[in-house]
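**Q** Quick one: this structure, given as C-alpha cells, is what I'll be asking you about.
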Amino acid sequence: MTAPATDDQRPVQDGSPLFLLDELPDVAELLVDGAEGRHAVDVLRLAAGEPVRVGDGAGTVVEGTVLEAGARGLRVQVTARHEVPEPQPEFVLVQALPKGDRGQLAVELATELGVDRIVPWAAARCVTRWREDRIEKGVAKWRAAARAAAKQSRRPRVPEVGDLMTTRQVCGELADVDLALVLHEQARRPLAGLEVPGSGTVAVVVGPEGGLTDGEVVALRAAGAQAVRLGPEVLRTSTAGAAALAALSVRTRWS
C-alpha cells in the first residue's frame with residue numbers, strides 16, 4: 001500500500017487529538033509508541049476506528065485512523081499528509097523571566113496564540129534568576145511547555161525556544177526584525193494604532209514584574225523597538241505577551 005499524496009495546506013480542524021513524533025516517515029501506516037502511545041492508550045483510551053493526527057512539530061501533519069490500540073501504542077492508517085507552510089508574519093516573543101511557574105504559563109499561552117519563537121530574557125529586574133547551573137534546566141522546562149501546548153492546541157509547528165539572552169543580545173536580535181515592539185504601561189502609542197506588516201518578522205518584548213529600567217528602554221529603542229501599550233490595564237508579565245500576540249493575530253493571521 002502506498003502512502004497518500006502530500007498537499008501544502010493546513011488540515012481542517014475537527015478536534016482529533018494530535019501526537020508528535022521526532023520523525024514522520026512517508027508511509028501508509030504509522031506506529032505511535034513510547035510516551036505518546038502510552039498517553040493515547042492509557043489516558044485518552046483511543047480505540048480502533050477513531051480519527052487521529054500525527055505530526056513532527058516542524059510543519060508535517062498526517063491524518064489517519066486508528067487500526068489498533070494496545071501495549072505497543074497506536075497503529076495508525078494514514079489517509080492524508082500535509083506540509084503546512086510557515087505562518088506569516090513570524091512572531092517572536094522576548095519574554096523576561098517571570099517568577100515561579102509563571103514562565104511556563106507564559107510559554108503555554110504564547111504557544112496557543114501562535115508564537116513562532118520564544119527568547120528567554122534575563123532582564124535587570126527579574127525576580128527569577130537562572131544561575132549558570134540552572135539555565136539548561138530552565139530552557140528545557142520552557143521547551144517542554146511549548147511542545148505540550150502545541151499538542152493541546154493542535155499546532156503543526158512547535159515554537160522554537162532559544163537560549164537565555166542578555167539585554168545586549170536581545171538588542172542584537174531586534175536589529176534584524178521588521179517590526180519590534182516593547183510593551184510599556186507608560187507608552188503613549190497604542191498597539192491597535194500601529195501598522196503591522198503581513199510578512200517578515202514581528203517581535204514583542206515583555207519586561208519583568210519589576211518593570212523595565214530606563215537603561216533597558218533606551219537600549220531597546222536604540223535597537224529599533226517602539227514602545228506601545230495594550231490598553232488601560234496593566235497586565236502581568238506572564239499574560240501580556242499572549243494578549244499582544246492575540247491582538248497581532250487578529251490584524252494579520254486571523255483575518
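In the C-alpha cells, chains take letters A, B, ... by order of appearance, with residues numbered from 1 within each chain and ligands from 1 in the order shown.
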Would you list the contacts of range 6-14 of chain A as a PyMOL selection string, taking every protein, DNA or RNA residue within 6 Å and counting only C-alpha atoms, but skipping same-chain residues closer than 6 positions in sequence?
**A** chain A and resi 81-84
**Q** Please build the interface table for range 180-199 of chain A against range 87-103 of chain A with a cut-off of 10 Å, listing for each qualifying residue the nearest atom pair and the distance in Å to one decimal; count only C-alpha atoms, order rows by chain and increasing number, and write it as CSV.
**A**
residue,atom,partner,partner_atom,distance
A:Ala180,CA,A:Val92,CA,9.2
A:Leu181,CA,A:Leu93,CA,9.8
A:Val182,CA,A:Val94,CA,9.2
A:Val196,CA,A:Pro89,CA,9.1
A:Pro197,CA,A:Pro89,CA,7.1
A:Gly198,CA,A:Pro89,CA,5.5
A:Ser199,CA,A:Pro89,CA,4.1
**Q** Could you please take those selected residues and save N, CA, C and O atoms as a CSV table (one decimal), in the first residue's frame?
**A**
chain,number,residue,atom,x,y,z
A,180,ALA,N,9.6,45.7,15.7
A,180,ALA,CA,9.9,45.4,17.1
A,180,ALA,C,9.1,46.3,18.1
A,180,ALA,O,9.1,47.5,17.9
A,181,LEU,N,8.4,45.6,19.0
A,181,LEU,CA,7.5,46.3,19.9
A,181,LEU,C,7.9,46.0,21.3
A,181,LEU,O,8.2,44.9,21.7
A,182,VAL,N,7.9,47.0,22.2
A,182,VAL,CA,8.2,46.9,23.6
A,182,VAL,C,6.9,47.3,24.4
A,182,VAL,O,6.4,48.4,24.2
A,196,VAL,N,0.8,46.9,11.0
A,196,VAL,CA,1.6,45.7,11.2
A,196,VAL,C,1.8,45.0,9.9
A,196,VAL,O,0.9,44.8,9.1
A,197,PRO,N,3.1,44.7,9.6
A,197,PRO,CA,3.3,44.0,8.3
A,197,PRO,C,2.7,42.7,8.2
A,197,PRO,O,2.6,41.9,9.2
A,198,GLY,N,2.3,42.3,7.0
A,198,GLY,CA,1.7,41.0,6.8
A,198,GLY,C,2.7,39.9,6.5
A,198,GLY,O,2.4,38.7,6.4
A,199,SER,N,4.0,40.2,6.5
A,199,SER,CA,5.1,39.2,6.3
A,199,SER,C,6.3,39.7,7.0
A,199,SER,O,6.3,40.8,7.6
**Q** Using DSSP assignments from the backbone, pull out every residue in range 1-188 of chain A that falls under strand (DSSP E or B) and give it to me as a PyMOL selection string.
**A** chain A and resi 6-7+18-20+29-32+51-55+58+60-70+73-83+90-96+117-121+157+160-161+165+179-183
**Q** Output as number ranges by chain all residues of range 25-217 of chain A that backbone DSSP marks as alpha helix (DSSP H).
**A** A: 34-38, 102-112, 135-152, 167-174, 214-217
**Q** May I have the residues from that selection written out with C-alpha atoms, as a short mmCIF file (atom, residue, chain, number, x, y, z; two decimals), in the first residue's frame?
**A**
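Saved file result_29.cif follows:
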data_model
loop_
_atom_site.label_atom_id
_atom_site.label_comp_id
_atom_site.auth_asym_id
_atom_site.auth_seq_id
_atom_site.Cartn_x
_atom_site.Cartn_y
_atom_site.Cartn_z
CA GLY A 34 6.67 5.44 23.58
CA ALA A 35 5.21 8.10 25.86
CA GLU A 36 2.88 9.34 23.11
CA GLY A 37 1.49 5.86 22.55
CA ARG A 38 1.00 5.19 26.26
CA ARG A 102 4.60 31.73 35.52
CA GLY A 103 7.36 31.35 32.97
CA GLN A 104 5.87 28.07 31.78
CA LEU A 105 2.43 29.69 31.80
CA ALA A 106 3.71 32.50 29.58
CA VAL A 107 5.15 29.92 27.17
CA GLU A 108 1.93 27.89 27.11
CA LEU A 109 -0.26 30.92 26.41
CA ALA A 110 2.07 32.29 23.75
CA THR A 111 2.19 28.90 22.03
CA GLU A 112 -1.59 28.62 21.94
CA ILE A 135 19.97 27.65 32.70
CA GLU A 136 19.82 24.36 30.84
CA LYS A 137 17.07 23.06 33.14
CA GLY A 138 15.06 26.29 32.80
CA VAL A 139 15.23 26.26 29.00
CA ALA A 140 14.28 22.57 28.96
CA LYS A 141 11.15 23.31 31.02
CA TRP A 142 10.11 26.06 28.62
CA ARG A 143 10.67 23.78 25.63
CA ALA A 144 8.60 21.02 27.22
CA ALA A 145 5.81 23.53 27.94
CA ALA A 146 5.86 24.72 24.32
CA ARG A 147 5.66 21.16 22.99
CA ALA A 148 2.76 20.23 25.28
CA ALA A 149 0.84 23.41 24.42
CA ALA A 150 1.41 22.84 20.70
CA LYS A 151 -0.14 19.38 21.01
CA GLN A 152 -3.07 20.67 23.05
CA THR A 167 19.75 42.72 27.13
CA ARG A 168 22.66 43.32 24.77
CA GLN A 169 21.95 40.06 22.93
CA VAL A 170 18.24 40.88 22.72
CA CYS A 171 19.04 44.24 21.13
CA GLY A 172 21.15 42.43 18.57
CA GLU A 173 18.20 40.18 17.74
CA LEU A 174 15.83 43.13 17.33
CA ASP A 214 15.39 53.37 31.94
CA GLY A 215 18.59 51.95 30.51
CA GLU A 216 16.75 48.96 29.01
CA VAL A 217 14.13 51.22 27.42
#
**Q** Which polymer residues have any atom within 7 Å of an atom of range 59-74 of chain A, counting only C-alpha atoms, with same-chain residues fewer than 6 positions away left out, as a PyMOL selection string?
**A** chain A and resi 31-33+37-38+41+46-53+80-85+156-157
**Q** Rank nothing, just name the residue among A:Leu113, A:Val202, A:Val27, A:Val78 nearest to Trp254 in chain A, using only C-alpha atoms.
**A**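 Checking each candidate against Trp254 in chain A, we get A:Leu113 as the closest.
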**Q** Looking at A:Ala3, A:Val177, A:Val158, A:Ala124, which one is nearest to Leu18 in chain A, with distances taken over only C-alpha atoms?
**A**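 Of A:Ala3, A:Val177, A:Val158, A:Ala124, the one nearest Leu18 in chain A is A:Val158, counting only C-alpha atoms.
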